[in-house]
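All remarks here apply to the structure that follows.
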Amino acid sequence: MTASAYGPMDVVCLGESMVTFLPTRAGRLADVPSFVRGIGGAESNVACALAAAGHRTRWVGRVGADGFGDHLVSAITAYGVDTSAVTRDPERPTGVYFRTATDRATDAHEVVYYRAGSAASAMSPRTVPSDAVRSGRVLHLSGITAALSPDCLALMRDLTARRDGGPLVSFDVNHRPGLWRDPSAADVLLELARGADIVFVGEDEAEEAWGVRGADAIRAALPEPSVVVVKRGAAGAVSFTRRPDPALGNDPGAGSDTVTTVPAPRVAVTAPVGAGDAFAAGFLSATLRGLTARQRLRHGHLWAAAALTVPGDLAAPPAAGHADRLAALDDEAWGRLHLGPGWTGEDQEVRTP
């Protein structure tokens, strides 16, 4: 495919997407009798959510020349995502995984991956079309890709190397200890994050990976990115935004920070999965729209709430007008929000007791 065939995008997301098998009821994997097929992948989740909100979005990945690969490409395309840069690998399979219905943060949660030697693990600077990857205003990546293979790590290092021009690089740390065989994983993730322009990291994963505790210490460990967003679970999120706004082209390492803290609304959780990807998508959507730091965090929380109030990993984001009205609430009204299943639709359940 020629360079001219890859049109400009708002966001390009690169990473592995897999077919996921979701249990039909709670319980151990050994006891669950049947599963429902879906799709999963941090970067493709972000792409699908942004496309559903009307942004021009491309997913770049590599899948097998098999039925699961057909399903992935078809399902992601159905969200409105451009999949023209997805490569089919005739020798390696599409990755799949099975998980339980419990919260990922609990000891009862089980995930079994069948992704070793997958098509996505063959992504490298040589096998990924660089013109497609760099065709967006934002390039979104995650630390998961770096764990898949040495070639994938080389690709991630290439994409997070600072250079003039090109897209803003967004990086979700997504520390997954079970994926890493290399004991230097924490150092690798820190290196990649420091090369990005926008970083998303959980307060808990930063402490686990880097031994760094608290939002201020995390920012100190990541001085280069123009924006660092520290996610604190139900406690909310804090962003460190270097002045001027990175979307306006400030130099890395220059200027001082604007620190913005926004509590998360209360959410009646249906399934505790997909919130991190949805938060990143909501924050990036608001960034593309030129909204303020507070509004970006609030949109992140609202998109995460949309994911938390549906059974699967992916949820339709709230309509922009609806989310904008909620994001514009004063602090007292925002603090009274309670979002339940269906709140993003006509049967919305938004309570402000």
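In the structure tokens, the first chain shown is A, the next is B, and so on; residue numbers restart at 1 for each chain, and ligands run from 1 in the order shown.
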- Could you pull out the alpha helix (DSSP H) residues of segment 8-93 of chain A from DSSP and send them as a VMD selection string? chain A and resid 42 to 52 67 to 78
Take the selection from the previous step and output its residues with N, CA, C and O atoms, as a PDB file, in the first residue's frame.
```
ATOM      1  N   ALA A  42      -5.969  -3.396  24.696  1.00  0.00           N
ATOM      2  CA  ALA A  42      -6.004  -2.042  25.247  1.00  0.00           C
ATOM      3  C   ALA A  42      -6.071  -0.981  24.157  1.00  0.00           C
ATOM      4  O   ALA A  42      -6.893  -0.052  24.212  1.00  0.00           O
ATOM      5  N   GLU A  43      -5.222  -1.116  23.153  1.00  0.00           N
ATOM      6  CA  GLU A  43      -5.141  -0.066  22.130  1.00  0.00           C
ATOM      7  C   GLU A  43      -6.350  -0.088  21.202  1.00  0.00           C
ATOM      8  O   GLU A  43      -6.887   0.966  20.842  1.00  0.00           O
ATOM      9  N   SER A  44      -6.811  -1.273  20.807  1.00  0.00           N
ATOM     10  CA  SER A  44      -7.994  -1.326  19.945  1.00  0.00           C
ATOM     11  C   SER A  44      -9.238  -0.898  20.712  1.00  0.00           C
ATOM     12  O   SER A  44     -10.179  -0.334  20.124  1.00  0.00           O
ATOM     13  N   ASN A  45      -9.284  -1.131  22.040  1.00  0.00           N
ATOM     14  CA  ASN A  45     -10.398  -0.620  22.837  1.00  0.00           C
ATOM     15  C   ASN A  45     -10.472   0.905  22.757  1.00  0.00           C
ATOM     16  O   ASN A  45     -11.549   1.490  22.617  1.00  0.00           O
ATOM     17  N   VAL A  46      -9.313   1.545  22.877  1.00  0.00           N
ATOM     18  CA  VAL A  46      -9.263   3.005  22.781  1.00  0.00           C
ATOM     19  C   VAL A  46      -9.706   3.456  21.390  1.00  0.00           C
ATOM     20  O   VAL A  46     -10.494   4.404  21.242  1.00  0.00           O
ATOM     21  N   ALA A  47      -9.222   2.771  20.363  1.00  0.00           N
ATOM     22  CA  ALA A  47      -9.597   3.129  18.993  1.00  0.00           C
ATOM     23  C   ALA A  47     -11.102   3.008  18.783  1.00  0.00           C
ATOM     24  O   ALA A  47     -11.733   3.892  18.177  1.00  0.00           O
ATOM     25  N   CYS A  48     -11.698   1.924  19.269  1.00  0.00           N
ATOM     26  CA  CYS A  48     -13.135   1.704  19.073  1.00  0.00           C
ATOM     27  C   CYS A  48     -13.954   2.769  19.794  1.00  0.00           C
ATOM     28  O   CYS A  48     -14.936   3.284  19.254  1.00  0.00           O
ATOM     29  N   ALA A  49     -13.564   3.099  21.024  1.00  0.00           N
ATOM     30  CA  ALA A  49     -14.306   4.105  21.774  1.00  0.00           C
ATOM     31  C   ALA A  49     -14.223   5.471  21.095  1.00  0.00           C
ATOM     32  O   ALA A  49     -15.231   6.185  20.972  1.00  0.00           O
ATOM     33  N   LEU A  50     -13.040   5.839  20.634  1.00  0.00           N
ATOM     34  CA  LEU A  50     -12.885   7.133  19.966  1.00  0.00           C
ATOM     35  C   LEU A  50     -13.654   7.176  18.650  1.00  0.00           C
ATOM     36  O   LEU A  50     -14.272   8.199  18.313  1.00  0.00           O
ATOM     37  N   ALA A  51     -13.630   6.083  17.900  1.00  0.00           N
ATOM     38  CA  ALA A  51     -14.382   6.047  16.644  1.00  0.00           C
ATOM     39  C   ALA A  51     -15.873   6.152  16.904  1.00  0.00           C
ATOM     40  O   ALA A  51     -16.599   6.837  16.169  1.00  0.00           O
ATOM     41  N   ALA A  52     -16.352   5.490  17.966  1.00  0.00           N
ATOM     42  CA  ALA A  52     -17.770   5.562  18.302  1.00  0.00           C
ATOM     43  C   ALA A  52     -18.199   6.979  18.657  1.00  0.00           C
ATOM     44  O   ALA A  52     -19.369   7.350  18.515  1.00  0.00           O
ATOM     45  N   GLY A  67      -9.582 -17.555  11.143  1.00  0.00           N
ATOM     46  CA  GLY A  67     -10.937 -17.090  11.424  1.00  0.00           C
ATOM     47  C   GLY A  67     -10.990 -16.081  12.557  1.00  0.00           C
ATOM     48  O   GLY A  67     -11.792 -15.134  12.524  1.00  0.00           O
ATOM     49  N   PHE A  68     -10.160 -16.256  13.579  1.00  0.00           N
ATOM     50  CA  PHE A  68     -10.146 -15.292  14.673  1.00  0.00           C
ATOM     51  C   PHE A  68      -9.636 -13.941  14.193  1.00  0.00           C
ATOM     52  O   PHE A  68     -10.110 -12.887  14.628  1.00  0.00           O
ATOM     53  N   GLY A  69      -8.644 -13.958  13.297  1.00  0.00           N
ATOM     54  CA  GLY A  69      -8.186 -12.700  12.717  1.00  0.00           C
ATOM     55  C   GLY A  69      -9.280 -12.023  11.910  1.00  0.00           C
ATOM     56  O   GLY A  69      -9.457 -10.804  11.977  1.00  0.00           O
ATOM     57  N   ASP A  70     -10.035 -12.825  11.136  1.00  0.00           N
ATOM     58  CA  ASP A  70     -11.166 -12.276  10.386  1.00  0.00           C
ATOM     59  C   ASP A  70     -12.157 -11.605  11.332  1.00  0.00           C
ATOM     60  O   ASP A  70     -12.654 -10.502  11.059  1.00  0.00           O
ATOM     61  N   HIS A  71     -12.456 -12.286  12.443  1.00  0.00           N
ATOM     62  CA  HIS A  71     -13.423 -11.747  13.399  1.00  0.00           C
ATOM     63  C   HIS A  71     -12.935 -10.431  14.007  1.00  0.00           C
ATOM     64  O   HIS A  71     -13.703  -9.462  14.116  1.00  0.00           O
ATOM     65  N   LEU A  72     -11.666 -10.385  14.401  1.00  0.00           N
ATOM     66  CA  LEU A  72     -11.131  -9.166  14.999  1.00  0.00           C
ATOM     67  C   LEU A  72     -11.228  -7.982  14.045  1.00  0.00           C
ATOM     68  O   LEU A  72     -11.714  -6.907  14.419  1.00  0.00           O
ATOM     69  N   VAL A  73     -10.742  -8.170  12.845  1.00  0.00           N
ATOM     70  CA  VAL A  73     -10.747  -7.064  11.881  1.00  0.00           C
ATOM     71  C   VAL A  73     -12.173  -6.622  11.593  1.00  0.00           C
ATOM     72  O   VAL A  73     -12.473  -5.418  11.547  1.00  0.00           O
ATOM     73  N   SER A  74     -13.086  -7.572  11.428  1.00  0.00           N
ATOM     74  CA  SER A  74     -14.476  -7.234  11.142  1.00  0.00           C
ATOM     75  C   SER A  74     -15.118  -6.491  12.309  1.00  0.00           C
ATOM     76  O   SER A  74     -15.811  -5.479  12.121  1.00  0.00           O
ATOM     77  N   ALA A  75     -14.884  -6.974  13.544  1.00  0.00           N
ATOM     78  CA  ALA A  75     -15.510  -6.358  14.709  1.00  0.00           C
ATOM     79  C   ALA A  75     -14.974  -4.956  14.951  1.00  0.00           C
ATOM     80  O   ALA A  75     -15.744  -4.030  15.282  1.00  0.00           O
ATOM     81  N   ILE A  76     -13.672  -4.761  14.807  1.00  0.00           N
ATOM     82  CA  ILE A  76     -13.091  -3.434  15.035  1.00  0.00           C
ATOM     83  C   ILE A  76     -13.512  -2.470  13.940  1.00  0.00           C
ATOM     84  O   ILE A  76     -13.825  -1.300  14.202  1.00  0.00           O
ATOM     85  N   THR A  77     -13.570  -2.952  12.703  1.00  0.00           N
ATOM     86  CA  THR A  77     -14.038  -2.111  11.600  1.00  0.00           C
ATOM     87  C   THR A  77     -15.473  -1.665  11.832  1.00  0.00           C
ATOM     88  O   THR A  77     -15.848  -0.531  11.490  1.00  0.00           O
ATOM     89  N   ALA A  78     -16.282  -2.532  12.418  1.00  0.00           N
ATOM     90  CA  ALA A  78     -17.691  -2.213  12.640  1.00  0.00           C
ATOM     91  C   ALA A  78     -17.882  -1.023  13.571  1.00  0.00           C
ATOM     92  O   ALA A  78     -18.923  -0.367  13.538  1.00  0.00           O
TER      93      ALA A  78
END
```
- Item | Within 6 Å of Trp59 of chain A using only C-alpha atoms, minus same-chain residues under 2 positions, as JSON, numbers by chain | {"A": [12, 13, 14, 83]}
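For the residues A:Phe240, A:Ala235, A:Leu329, A:His338, ranking by smallest atom-to-atom distance to Ala217 of chain A using only C-alpha atoms places A:Phe240 first.
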Counting only C-alpha atoms, what is within 10 Å of Glu16 of chain A, bar same-chain residues fewer than 5 positions away, as a tab-separated table (two decimals) with N, CA, C and O atoms, in the first residue's frame?
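Dumped everything to around_37.tsv:
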```
chain	number	residue	atom	x	y	z
A	40	GLY	N	-10.71	-8.05	22.60
A	40	GLY	CA	-10.01	-7.36	23.66
A	40	GLY	C	-8.63	-6.91	23.21
A	40	GLY	O	-8.00	-7.53	22.38
A	41	GLY	N	-8.19	-5.84	23.81
A	41	GLY	CA	-6.90	-5.27	23.46
A	41	GLY	C	-6.91	-3.81	23.86
A	41	GLY	O	-7.80	-3.06	23.44
A	42	ALA	N	-5.97	-3.40	24.70
A	42	ALA	CA	-6.00	-2.04	25.25
A	42	ALA	C	-6.07	-0.98	24.16
A	42	ALA	O	-6.89	-0.05	24.21
A	43	GLU	N	-5.22	-1.12	23.15
A	43	GLU	CA	-5.14	-0.07	22.13
A	43	GLU	C	-6.35	-0.09	21.20
A	43	GLU	O	-6.89	0.97	20.84
A	44	SER	N	-6.81	-1.27	20.81
A	44	SER	CA	-7.99	-1.33	19.95
A	44	SER	C	-9.24	-0.90	20.71
A	44	SER	O	-10.18	-0.33	20.12
A	59	TRP	N	-6.59	1.66	13.73
A	59	TRP	CA	-5.89	0.67	14.54
A	59	TRP	C	-4.86	-0.02	13.66
A	59	TRP	O	-5.17	-0.48	12.57
A	60	VAL	N	-3.61	-0.07	14.13
A	60	VAL	CA	-2.53	-0.75	13.44
A	60	VAL	C	-2.14	-1.96	14.28
A	60	VAL	O	-1.80	-1.84	15.46
A	61	GLY	N	-2.22	-3.14	13.69
A	61	GLY	CA	-1.88	-4.36	14.39
A	61	GLY	C	-1.53	-5.45	13.41
A	61	GLY	O	-1.40	-5.24	12.20
A	62	ARG	N	-1.38	-6.66	13.96
A	62	ARG	CA	-1.02	-7.82	13.15
A	62	ARG	C	-1.81	-9.00	13.67
A	62	ARG	O	-1.79	-9.29	14.87
A	63	VAL	N	-2.53	-9.69	12.79
A	63	VAL	CA	-3.35	-10.83	13.17
A	63	VAL	C	-3.04	-12.00	12.26
A	63	VAL	O	-2.46	-11.84	11.18
A	94	THR	N	-3.66	-15.71	15.49
A	94	THR	CA	-4.24	-14.62	16.27
A	94	THR	C	-4.29	-15.03	17.74
A	94	THR	O	-4.66	-16.16	18.07
A	95	GLY	N	-3.91	-14.12	18.63
A	95	GLY	CA	-3.94	-14.43	20.06
A	95	GLY	C	-5.36	-14.50	20.59
A	95	GLY	O	-6.27	-13.81	20.11
A	115	ARG	N	-1.15	-16.42	23.63
A	115	ARG	CA	-0.64	-15.38	22.73
A	115	ARG	C	0.84	-15.56	22.42
A	115	ARG	O	1.39	-14.81	21.60
A	118	SER	N	2.24	-15.26	18.81
A	118	SER	CA	1.11	-14.74	18.04
A	118	SER	C	1.59	-13.85	16.89
A	118	SER	O	2.74	-13.40	16.85
A	119	ALA	N	0.68	-13.58	15.98
A	119	ALA	CA	1.00	-12.70	14.85
A	119	ALA	C	1.46	-11.33	15.35
A	119	ALA	O	2.39	-10.74	14.80
A	120	ALA	N	0.83	-10.83	16.41
A	120	ALA	CA	1.18	-9.50	16.92
A	120	ALA	C	2.60	-9.46	17.45
A	120	ALA	O	3.25	-8.41	17.41
A	121	SER	N	3.10	-10.58	17.96
A	121	SER	CA	4.46	-10.58	18.50
A	121	SER	C	5.52	-10.38	17.42
A	121	SER	O	6.68	-10.12	17.73
A	123	MET	N	5.33	-7.93	15.26
A	123	MET	CA	5.41	-6.51	14.91
A	123	MET	C	6.82	-6.00	15.20
A	123	MET	O	7.42	-6.35	16.22
A	142	SER	N	0.75	1.40	24.36
A	142	SER	CA	0.75	0.95	25.75
A	142	SER	C	1.94	0.05	26.02
A	142	SER	O	2.53	-0.54	25.10
A	144	ILE	N	1.95	-2.81	27.16
A	144	ILE	CA	1.69	-4.22	26.88
A	144	ILE	C	2.47	-4.66	25.64
A	144	ILE	O	3.06	-5.75	25.62
A	145	THR	N	2.49	-3.83	24.61
A	145	THR	CA	3.15	-4.20	23.36
A	145	THR	C	4.62	-4.49	23.57
A	145	THR	O	5.18	-5.44	23.00
A	148	LEU	N	5.67	-8.15	24.43
A	148	LEU	CA	5.31	-9.28	23.56
A	148	LEU	C	6.52	-9.98	22.95
A	148	LEU	O	6.50	-11.20	22.73
```
- List the neighbours of segment 153-165 of chain A out to 8 Å using only C-alpha atoms; skip same-chain residues closer than 2 positions along the sequence, and give me the result as a list in words. Met123, Ser124, Pro125, Thr145, Ala146, Ala147, Leu148, Ser149, Pro150, Asp151, Pro167, Val169, Leu192, Ala193, Gly195 and Ala196 of chain A
Same residues, all heavy atoms, saved as a compact mmCIF listing (two decimals), in the first residue's frame:
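Result written to again-v5.txt:
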```
# COMPACT_ATOMS: atom_id res chain seq x y z
N MET A 123 5.33 -7.93 15.26
CA MET A 123 5.41 -6.51 14.91
C MET A 123 6.82 -6.00 15.20
O MET A 123 7.42 -6.35 16.22
CB MET A 123 4.38 -5.69 15.69
CG MET A 123 2.95 -5.92 15.26
SD MET A 123 1.78 -4.73 15.99
CE MET A 123 1.91 -5.12 17.74
N SER A 124 7.32 -5.17 14.30
CA SER A 124 8.66 -4.62 14.46
C SER A 124 8.75 -3.36 13.60
O SER A 124 7.85 -3.09 12.79
CB SER A 124 9.71 -5.63 14.00
OG SER A 124 9.73 -5.74 12.59
N PRO A 125 9.84 -2.61 13.71
CA PRO A 125 10.00 -1.45 12.82
C PRO A 125 9.99 -1.84 11.34
O PRO A 125 9.69 -1.01 10.49
CB PRO A 125 11.36 -0.88 13.23
CG PRO A 125 11.53 -1.30 14.66
CD PRO A 125 10.92 -2.66 14.74
N THR A 145 2.49 -3.83 24.61
CA THR A 145 3.15 -4.20 23.36
C THR A 145 4.62 -4.49 23.57
O THR A 145 5.18 -5.44 23.00
CB THR A 145 2.98 -3.08 22.32
OG1 THR A 145 1.59 -2.81 22.15
CG2 THR A 145 3.58 -3.48 20.99
N ALA A 146 5.26 -3.72 24.42
CA ALA A 146 6.70 -3.90 24.65
C ALA A 146 7.03 -5.26 25.24
O ALA A 146 8.16 -5.76 25.10
CB ALA A 146 7.22 -2.80 25.56
N ALA A 147 6.06 -5.88 25.91
CA ALA A 147 6.30 -7.17 26.57
C ALA A 147 6.16 -8.36 25.63
O ALA A 147 6.52 -9.48 26.00
CB ALA A 147 5.34 -7.33 27.74
N LEU A 148 5.67 -8.15 24.43
CA LEU A 148 5.31 -9.28 23.56
C LEU A 148 6.52 -9.98 22.95
O LEU A 148 6.50 -11.20 22.73
CB LEU A 148 4.36 -8.82 22.46
CG LEU A 148 3.03 -8.24 22.92
CD1 LEU A 148 2.18 -7.85 21.70
CD2 LEU A 148 2.27 -9.20 23.81
N SER A 149 7.57 -9.24 22.63
CA SER A 149 8.75 -9.83 21.99
C SER A 149 9.84 -8.77 21.90
O SER A 149 9.56 -7.56 22.00
CB SER A 149 8.41 -10.33 20.58
OG SER A 149 8.16 -9.23 19.70
N PRO A 150 11.09 -9.19 21.67
CA PRO A 150 12.16 -8.21 21.44
C PRO A 150 11.87 -7.30 20.25
O PRO A 150 12.20 -6.11 20.28
CB PRO A 150 13.40 -9.08 21.22
CG PRO A 150 13.11 -10.34 21.98
CD PRO A 150 11.64 -10.57 21.80
N ASP A 151 11.26 -7.85 19.19
CA ASP A 151 10.93 -7.02 18.03
C ASP A 151 9.89 -5.96 18.40
O ASP A 151 9.98 -4.80 17.94
CB ASP A 151 10.40 -7.89 16.89
CG ASP A 151 11.51 -8.57 16.09
OD1 ASP A 151 12.68 -8.14 16.21
OD2 ASP A 151 11.21 -9.51 15.34
N PRO A 167 3.21 12.92 15.32
CA PRO A 167 2.08 13.05 16.24
C PRO A 167 2.52 13.19 17.69
O PRO A 167 3.66 12.88 18.05
CB PRO A 167 1.34 11.71 16.05
CG PRO A 167 2.43 10.75 15.67
CD PRO A 167 3.40 11.55 14.82
N VAL A 169 2.64 11.63 21.14
CA VAL A 169 2.68 10.22 21.53
C VAL A 169 2.02 10.06 22.89
O VAL A 169 2.45 10.68 23.88
CB VAL A 169 4.12 9.68 21.57
CG1 VAL A 169 4.13 8.23 22.09
CG2 VAL A 169 4.75 9.76 20.19
N LEU A 192 10.17 4.05 28.22
CA LEU A 192 9.18 4.34 27.19
C LEU A 192 8.28 5.49 27.61
O LEU A 192 7.97 6.37 26.79
CB LEU A 192 8.34 3.09 26.91
CG LEU A 192 9.11 1.88 26.34
CD1 LEU A 192 8.18 0.68 26.23
CD2 LEU A 192 9.73 2.20 24.99
N ALA A 193 7.86 5.50 28.86
CA ALA A 193 6.99 6.58 29.34
C ALA A 193 7.69 7.93 29.24
O ALA A 193 7.07 8.94 28.88
CB ALA A 193 6.56 6.30 30.78
N GLY A 195 9.67 8.88 27.07
CA GLY A 195 9.74 9.32 25.69
C GLY A 195 8.43 9.83 25.13
O GLY A 195 8.40 10.37 24.02
N ALA A 196 7.34 9.66 25.88
CA ALA A 196 6.01 10.03 25.38
C ALA A 196 5.70 11.49 25.71
O ALA A 196 6.38 12.15 26.50
CB ALA A 196 4.95 9.12 25.98
```
- Query: Which neighbours of Ala264 of chain A fall inside 10 Å, counting only C-alpha atoms, when residues of the same chain fewer than 5 positions from it are skipped, and could you give them as a ChimeraX atom specification?
  - Reply: /A:231-237,297-298,300-302,304-305,334-335,337-338
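Nearest residue to Gly15 of chain A among A:His299, A:His175, A:His140, A:Arg28 is A:His140, counting only C-alpha atoms.
Closest approach to Glu224 of chain A among A:Arg243, A:Arg194, A:Arg325, A:His109: A:Arg194, based on only C-alpha atoms.
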- Query: If we count only C-alpha atoms, what is near Ala101 of chain A at a cut-off of 8 Å, once residues fewer than 4 positions away on the same chain are taken out, given as a VMD selection string?
  - Reply: chain A and resid 22 to 23 25 to 27 109 271
- Would you return as a PyMOL selection string the members of segment 106-343 of chain A that DSSP assigns to strand (DSSP E or B) on this structure's backbone? chain A and resi 111-114+136-142+168-172+198-202+227-231+237-242+257-262+266-267+338-339
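When only C-alpha atoms are used to compute distances to Gly178 of chain A, the closest of the residues A:Val228, A:Ile198, A:Ala132, A:Val112 turns out to be A:Val112.
Between atom CA of Tyr97 of chain A and atom CA of Ala307 of chain A the separation is 19.7 Å.
Distance annotation: of A:Thr344, A:Thr260, A:Asn174, A:Thr87, the residue with the minimal separation from Asp204 of chain A is A:Asn174; atom set is only C-alpha atoms.
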